[in-house]
Amino acid sequence: MPSFFKERKPKKKRQQDDENQTTDHSIELIQVSLSGNLNKIKQKTGNSSDVVIREIKMGGNSDIKTAIVYVEGIVDNQSIQEYLLQSMMKDDQKEEVNQHNVIDLLSEDMMTVGNVSSINNWDDLFLALMAGDTLVLVDGIGKALSASTKGGEKRSISESGTQMVVRGPKGAFIESIGTNTAMVRRIIKTPDLWTESLKVGRATKTDVAIMYIHGIANDKVVEEIRQRLHRIDIDSILESGYIEQLIEDETMTPFLTIYNTERPDVVAGNLLEGRIAIFVDGTPFVLIAPAVFMQFFQSAEDYYTRFDIATSIRLLRIFMFLISIIAPATYVAVTTFHQEMVPTTLIVAIAAQREAVPFPAFVEALVMELTFEILREAGIRLPKAIGSAVSIVGALVIGQAAVQASIVSPAMVIIVSITAIASFATPSFDMAISARLIRFLFMLGAASFGFYGIILTLLMMVVHLCSLRSFGVPYMAPFAPFIPVNMGDTVVRLPWWTLRQRPRLVSTNTVREGTNQRPQPPASRGMVNRDFEEGDNNEA
């Protein structure tokens with residue numbers, strides 16, 4: 001049966017392609033009359049006030065009517081003034097203009113702005129107009145010239161607010177796709193860094209770019225991403241999260257199969273490993289695919305510090321992730337089923353604290369976890385001036401009041417606080433959110449079967465992780481399948497001179513560096529000091 005449905009899909013696609021081909025024949029061409037074209041633009045845009053139409057007369061006798069059209073706010077006014085209007089209105093060039101050579105003269109001599117193209121249909125005309133280009137229309141000619149004058153106000157490059165590092169580049173992406181791709185090209189200066197652009201969204205016409213390194217990235221993965229992007233048929237793309245949810249492999253999972261970042265150095269590092277970056281105009285977050293599970297515990301700073309320091313910090317992150325998902329469940333299991341596994345003094349103290357609490361341990365943990373999640377969400381949504389104060393004061397006041405009212409025990413407040421702090425140690429905010437959701441499943445398993453329920457839930461989570469794929473790449477690689485040569489950058493991070501190969505399942509060109517890259521000093525420090533002493537004696 002599955003093969004039957006697989007065979008049916010291409011037929012539907014062919015039908016859609018046939019419909020698209022039939023609609024392509026009904027493309028409306030630009031009129032010859034300038035007044036008719038301007039009326040069409042005014043009618044289509046609803047005579048909007050931000051659509052500027054400037055009419056100019058050219059030619060020796062000022063008998064050639066010309067008009068430039070652009071949208072105020074999304075264009076560079078200085079470029080229009082210096083490279084279009086001044087060139088078109090010069091008297092010495094007006095004498096050379098006639099009805100036959102006006103288009104060629106405009107595009108070759110007068111329009112000094114870069115990237116000038118010719119348009120002959122209304123669809124391309126409105127697409128260029130709304131993208132920030134300036135249109136030049138001439139009376140008596142059934143086509144228009146489009147000049148690239150994109151501009152307007154945009155946010156300056158600043159430090160990342162979600163992925164901060166102590167050592168490393170500070171610049172982060174902004175909402176301009178052109179600036180973002182340029183930031184990556186400043187890092188990777190090879191002509192093999194290829195970029196493909198397309199527009200997604202029937203209404204928004206959002207610019208989307210695919211970037212990869214030819215010869216390193218897997219061509220099959222690039223083609224798969226290209227096909228999934230072309231299959232998107234939606235009216236709007238407002239953020240890269242839209243793209244992420246429309247092209248991901250598995251939808252019914254709390255784990256992300258596509259990585260996102262706002263750091264150019266992280267994108268460059270993943271491109272050099274053979275992955276593909278997806279840029280979306282209007283958002284500073286860039287998608288990286290394919291993604292694996294261990295990628296969400298890696299920080300950019302891991303590769304800028306010594307391997308022993310990076311390994312210890314990465315192990316700490318993984319340990320904190322385990323604490324964030326099983327700490328409340330462990331407390332529930334111990335107090336409900338396995339009191340004998342705790343030292344007698346400690347279990348007596350916990351029992352004395354819970355003596356006045358009327359709820360079971362599971363209800364107690366559930367109430368505290370939900371309360372803390374509410375406080376955390378409220379702290380994010382409140383204004384910055386009072387958000388942190390309300391969240392901290394709210395947690396302290398509510399926790400102390402809940403203990404005094406015998407609703408929860410002091411030990412439960414400590415467990416929830418440790419869990420919350422541990423969840424903040426995960427570098428990826430999305431993986432931290434996944435841990436917040438899975439935590440409740442572990443609590444339910446612990447309340448039902450104790451430690452057996454925790455182990456059962458953990459096994460189910462591992463099986464689920466092993467079943468995930470990210471554009472054909474196993475999510476738990478290189479653990480499952482086990483690839484020993486790629487284990488040097490997983491739980492531990494070995495020195496750079498040992499990481500000779502890229503991830504095998506991601507890249508086609510696996511050789512990253514040459515042989516014998518280990519530092520080998522040619523002389524000892526004593527010999528260098530002796531040379532200095534001999535030089536001083538000779539001078540004396």
# chains A, B, ... in the order shown; residues from 1 in each chain; ligands from 1

call {"tool": "select_by_dssp", "arguments": {"residues": "region 165-364 of chain A", "states": "helix (DSSP H, G or I)", "output": "number ranges by chain"}}
result
A: 177-187, 219-230, 240-247, 264-272, 293-297, 300-303, 307-336, 339-341, 344-356, 361-364

call {"tool": "write_last_selection", "arguments": {"atoms": "C-alpha atoms", "output": "compact mmCIF listing (two decimals), in the first residue's frame"}}
result
# COMPACT_ATOMS: atom_id res chain seq x y z
CA ILE A 177 19.31 38.63 3.46
CA GLY A 178 21.92 40.44 1.37
CA THR A 179 23.86 41.51 4.44
CA ASN A 180 23.63 38.02 5.94
CA THR A 181 25.01 36.22 2.89
CA ALA A 182 27.77 38.83 2.61
CA MET A 183 28.80 38.22 6.24
CA VAL A 184 29.33 34.54 5.46
CA ARG A 185 31.25 35.35 2.27
CA ARG A 186 33.62 37.53 4.28
CA ILE A 187 34.56 34.41 6.25
CA ASP A 219 24.58 16.96 -3.97
CA LYS A 220 21.68 14.65 -3.06
CA VAL A 221 20.95 16.63 0.10
CA VAL A 222 21.17 19.91 -1.83
CA GLU A 223 18.72 18.60 -4.42
CA GLU A 224 16.35 17.37 -1.70
CA ILE A 225 16.34 20.78 0.01
CA ARG A 226 15.83 22.48 -3.35
CA GLN A 227 12.83 20.28 -4.15
CA ARG A 228 11.22 20.77 -0.74
CA LEU A 229 11.54 24.54 -1.02
CA HIS A 230 10.03 24.57 -4.51
CA SER A 240 12.52 31.11 8.90
CA GLY A 241 10.33 29.10 11.27
CA TYR A 242 7.75 28.88 8.46
CA ILE A 243 10.33 27.27 6.18
CA GLU A 244 11.53 24.99 8.96
CA GLN A 245 8.06 23.58 9.63
CA LEU A 246 7.31 23.10 5.93
CA ILE A 247 10.45 21.16 4.96
CA PRO A 264 27.87 33.90 10.89
CA ASP A 265 30.81 31.89 12.26
CA VAL A 266 28.50 29.00 13.18
CA VAL A 267 27.03 29.01 9.67
CA ALA A 268 30.53 29.10 8.15
CA GLY A 269 31.68 26.20 10.33
CA ASN A 270 28.70 24.07 9.33
CA LEU A 271 29.13 24.93 5.65
CA LEU A 272 32.74 23.76 5.86
CA PHE A 293 21.35 15.50 18.01
CA MET A 294 24.82 16.35 19.34
CA GLN A 295 24.89 19.53 17.26
CA PHE A 296 22.47 21.19 19.69
CA PHE A 297 24.98 20.81 22.57
CA ALA A 300 30.86 28.21 18.84
CA GLU A 301 33.21 28.81 21.73
CA ASP A 302 34.07 25.10 21.89
CA TYR A 303 36.20 25.46 18.78
CA PHE A 307 40.22 20.85 23.55
CA ASP A 308 40.40 19.87 27.23
CA ILE A 309 38.45 22.94 28.33
CA ALA A 310 35.91 22.51 25.52
CA THR A 311 35.45 18.82 26.36
CA SER A 312 34.85 19.45 30.06
CA ILE A 313 32.31 22.20 29.36
CA ARG A 314 30.52 20.07 26.78
CA LEU A 315 30.30 17.16 29.21
CA LEU A 316 28.87 19.58 31.78
CA ARG A 317 26.19 20.68 29.28
CA ILE A 318 25.14 17.10 28.58
CA PHE A 319 25.02 16.35 32.31
CA MET A 320 22.88 19.47 32.87
CA PHE A 321 20.54 18.35 30.08
CA LEU A 322 20.03 14.98 31.80
CA ILE A 323 19.39 16.74 35.12
CA SER A 324 16.84 19.05 33.49
CA ILE A 325 14.76 16.11 32.24
CA ILE A 326 15.01 13.56 35.08
CA ALA A 327 15.60 15.53 38.31
CA PRO A 328 11.89 16.05 39.22
CA ALA A 329 11.10 12.51 38.08
CA THR A 330 13.86 11.11 40.29
CA TYR A 331 12.46 12.97 43.31
CA VAL A 332 8.97 11.61 42.59
CA ALA A 333 10.28 8.04 42.18
CA VAL A 334 12.36 8.16 45.37
CA THR A 335 9.65 9.60 47.60
CA THR A 336 6.92 7.36 46.19
CA GLN A 339 12.76 5.18 49.82
CA GLU A 340 15.31 2.44 50.58
CA MET A 341 17.72 3.83 47.94
CA THR A 344 18.12 7.06 56.14
CA THR A 345 18.91 10.49 57.52
CA LEU A 346 17.99 12.17 54.26
CA ILE A 347 14.76 10.26 53.71
CA VAL A 348 13.68 10.99 57.30
CA ALA A 349 14.29 14.71 56.72
CA ILE A 350 12.32 14.62 53.46
CA ALA A 351 9.49 12.70 55.14
CA ALA A 352 9.36 15.26 57.94
CA GLN A 353 9.11 18.08 55.41
CA ARG A 354 6.34 16.32 53.47
CA GLU A 355 4.37 15.38 56.58
CA ALA A 356 2.12 18.44 56.33
CA ALA A 361 4.82 13.85 45.24
CA PHE A 362 3.73 13.80 41.58
CA VAL A 363 1.07 16.49 42.11
CA GLU A 364 3.52 18.51 44.15

call {"tool": "select_by_dssp", "arguments": {"residues": "region 90-164 of chain A", "states": "strand (DSSP E)", "output": "PyMOL selection string"}}
result
chain A and resi 116-119+134-138+144-147

call {"tool": "write_last_selection", "arguments": {"atoms": "N, CA, C and O atoms", "output": "PDB file, in the first residue's frame"}}
result
ATOM      1  N   VAL A 116      20.835  46.258 -14.142  1.00  0.00           N
ATOM      2  CA  VAL A 116      19.691  46.761 -14.907  1.00  0.00           C
ATOM      3  C   VAL A 116      19.181  45.636 -15.794  1.00  0.00           C
ATOM      4  O   VAL A 116      19.957  45.000 -16.516  1.00  0.00           O
ATOM      5  N   SER A 117      17.877  45.369 -15.743  1.00  0.00           N
ATOM      6  CA  SER A 117      17.280  44.293 -16.537  1.00  0.00           C
ATOM      7  C   SER A 117      16.031  44.806 -17.238  1.00  0.00           C
ATOM      8  O   SER A 117      15.453  45.829 -16.855  1.00  0.00           O
ATOM      9  N   SER A 118      15.624  44.069 -18.272  1.00  0.00           N
ATOM     10  CA  SER A 118      14.459  44.440 -19.066  1.00  0.00           C
ATOM     11  C   SER A 118      13.273  43.568 -18.675  1.00  0.00           C
ATOM     12  O   SER A 118      13.417  42.353 -18.448  1.00  0.00           O
ATOM     13  N   ILE A 119      12.072  44.167 -18.601  1.00  0.00           N
ATOM     14  CA  ILE A 119      10.851  43.474 -18.205  1.00  0.00           C
ATOM     15  C   ILE A 119       9.794  43.730 -19.266  1.00  0.00           C
ATOM     16  O   ILE A 119       9.645  44.869 -19.745  1.00  0.00           O
ATOM     17  N   THR A 134      13.640  50.129  -9.016  1.00  0.00           N
ATOM     18  CA  THR A 134      13.047  51.312  -9.645  1.00  0.00           C
ATOM     19  C   THR A 134      12.775  50.999 -11.115  1.00  0.00           C
ATOM     20  O   THR A 134      13.660  50.495 -11.819  1.00  0.00           O
ATOM     21  N   LEU A 135      11.566  51.292 -11.579  1.00  0.00           N
ATOM     22  CA  LEU A 135      11.144  50.985 -12.947  1.00  0.00           C
ATOM     23  C   LEU A 135      11.225  52.241 -13.800  1.00  0.00           C
ATOM     24  O   LEU A 135      10.902  53.345 -13.335  1.00  0.00           O
ATOM     25  N   VAL A 136      11.654  52.054 -15.031  1.00  0.00           N
ATOM     26  CA  VAL A 136      11.700  53.141 -16.019  1.00  0.00           C
ATOM     27  C   VAL A 136      10.832  52.725 -17.192  1.00  0.00           C
ATOM     28  O   VAL A 136      11.101  51.705 -17.844  1.00  0.00           O
ATOM     29  N   LEU A 137       9.765  53.499 -17.464  1.00  0.00           N
ATOM     30  CA  LEU A 137       8.842  53.222 -18.559  1.00  0.00           C
ATOM     31  C   LEU A 137       8.934  54.342 -19.587  1.00  0.00           C
ATOM     32  O   LEU A 137       9.054  55.525 -19.221  1.00  0.00           O
ATOM     33  N   VAL A 138       8.870  53.978 -20.859  1.00  0.00           N
ATOM     34  CA  VAL A 138       8.982  54.934 -21.953  1.00  0.00           C
ATOM     35  C   VAL A 138       7.732  54.828 -22.817  1.00  0.00           C
ATOM     36  O   VAL A 138       7.266  53.714 -23.121  1.00  0.00           O
ATOM     37  N   ALA A 144       9.771  47.621 -19.901  1.00  0.00           N
ATOM     38  CA  ALA A 144      10.278  48.522 -18.873  1.00  0.00           C
ATOM     39  C   ALA A 144      11.668  48.088 -18.452  1.00  0.00           C
ATOM     40  O   ALA A 144      12.053  46.916 -18.617  1.00  0.00           O
ATOM     41  N   LEU A 145      12.419  49.020 -17.917  1.00  0.00           N
ATOM     42  CA  LEU A 145      13.739  48.741 -17.364  1.00  0.00           C
ATOM     43  C   LEU A 145      13.660  48.733 -15.845  1.00  0.00           C
ATOM     44  O   LEU A 145      13.039  49.618 -15.243  1.00  0.00           O
ATOM     45  N   SER A 146      14.292  47.746 -15.236  1.00  0.00           N
ATOM     46  CA  SER A 146      14.303  47.609 -13.780  1.00  0.00           C
ATOM     47  C   SER A 146      15.720  47.822 -13.275  1.00  0.00           C
ATOM     48  O   SER A 146      16.645  47.118 -13.689  1.00  0.00           O
ATOM     49  N   ALA A 147      15.907  48.792 -12.404  1.00  0.00           N
ATOM     50  CA  ALA A 147      17.209  49.098 -11.823  1.00  0.00           C
ATOM     51  C   ALA A 147      17.209  48.721 -10.350  1.00  0.00           C
ATOM     52  O   ALA A 147      16.268  49.041  -9.615  1.00  0.00           O
TER      53      ALA A 147
END

call {"tool": "atom_distance", "arguments": {"atom1": "CA of Arg155 (chain A)", "atom2": "CA of Asp50 (chain A)"}}
result
21.3 Å

call {"tool": "residues_around", "arguments": {"residues": "region 458-474 of chain A", "least_positions_apart": "2", "cutoff": "8 Å", "atoms": "only C-alpha atoms", "output": "ChimeraX atom specification"}}
result
/A:221,224-225,248-250,257-258,289-292,442,454-456,476-477,480-481,505-506

call {"tool": "residues_around", "arguments": {"residues": "Ser176 (chain A)", "least_positions_apart": "2", "cutoff": "12 Å", "atoms": "only C-alpha atoms", "output": "PyMOL selection string"}}
result
chain A and resi 74+150-157+172-174+178-183+206-209+279-286

call {"tool": "write_last_selection", "arguments": {"atoms": "C-alpha atoms", "output": "CSV table (one decimal), in the first residue's frame"}}
result
chain,number,residue,atom,x,y,z
A,74,ILE,CA,12.2,50.3,0.5
A,150,LYS,CA,17.0,48.3,-2.9
A,151,GLY,CA,17.7,50.2,0.4
A,152,GLY,CA,15.8,51.8,3.2
A,153,GLU,CA,16.2,51.7,6.9
A,154,LYS,CA,17.6,48.5,8.4
A,155,ARG,CA,19.1,47.4,11.7
A,156,SER,CA,22.8,47.7,12.1
A,157,ILE,CA,25.0,44.6,12.8
A,172,ALA,CA,25.3,38.5,14.4
A,173,PHE,CA,22.9,38.4,11.4
A,174,ILE,CA,20.3,41.0,10.8
A,178,GLY,CA,21.9,40.4,1.4
A,179,THR,CA,23.9,41.5,4.4
A,180,ASN,CA,23.6,38.0,5.9
A,181,THR,CA,25.0,36.2,2.9
A,182,ALA,CA,27.8,38.8,2.6
A,183,MET,CA,28.8,38.2,6.2
A,206,THR,CA,9.9,36.4,0.4
A,207,ASP,CA,13.5,36.0,-0.7
A,208,VAL,CA,15.0,32.7,0.2
A,209,ALA,CA,18.6,31.7,-0.5
A,279,PHE,CA,18.7,32.2,4.5
A,280,VAL,CA,15.3,33.9,4.7
A,281,ASP,CA,14.8,37.6,4.2
A,282,GLY,CA,13.3,39.4,7.2
A,283,THR,CA,14.8,37.3,10.0
A,284,PRO,CA,18.3,37.0,11.6
A,285,PHE,CA,18.0,33.3,12.1
A,286,VAL,CA,19.5,31.1,9.5

call {"tool": "closest_residue", "arguments": {"among": "A:Met58, A:Val357, A:Val32, A:Val102", "to": "Asn120 (chain A)", "atoms": "only C-alpha atoms"}}
result
A:Val32

call {"tool": "residues_around", "arguments": {"residues": "region 159-163 of chain A", "least_positions_apart": "3", "cutoff": "7 Å", "atoms": "only C-alpha atoms", "output": "ChimeraX atom specification"}}
result
/A:170-172,262-263
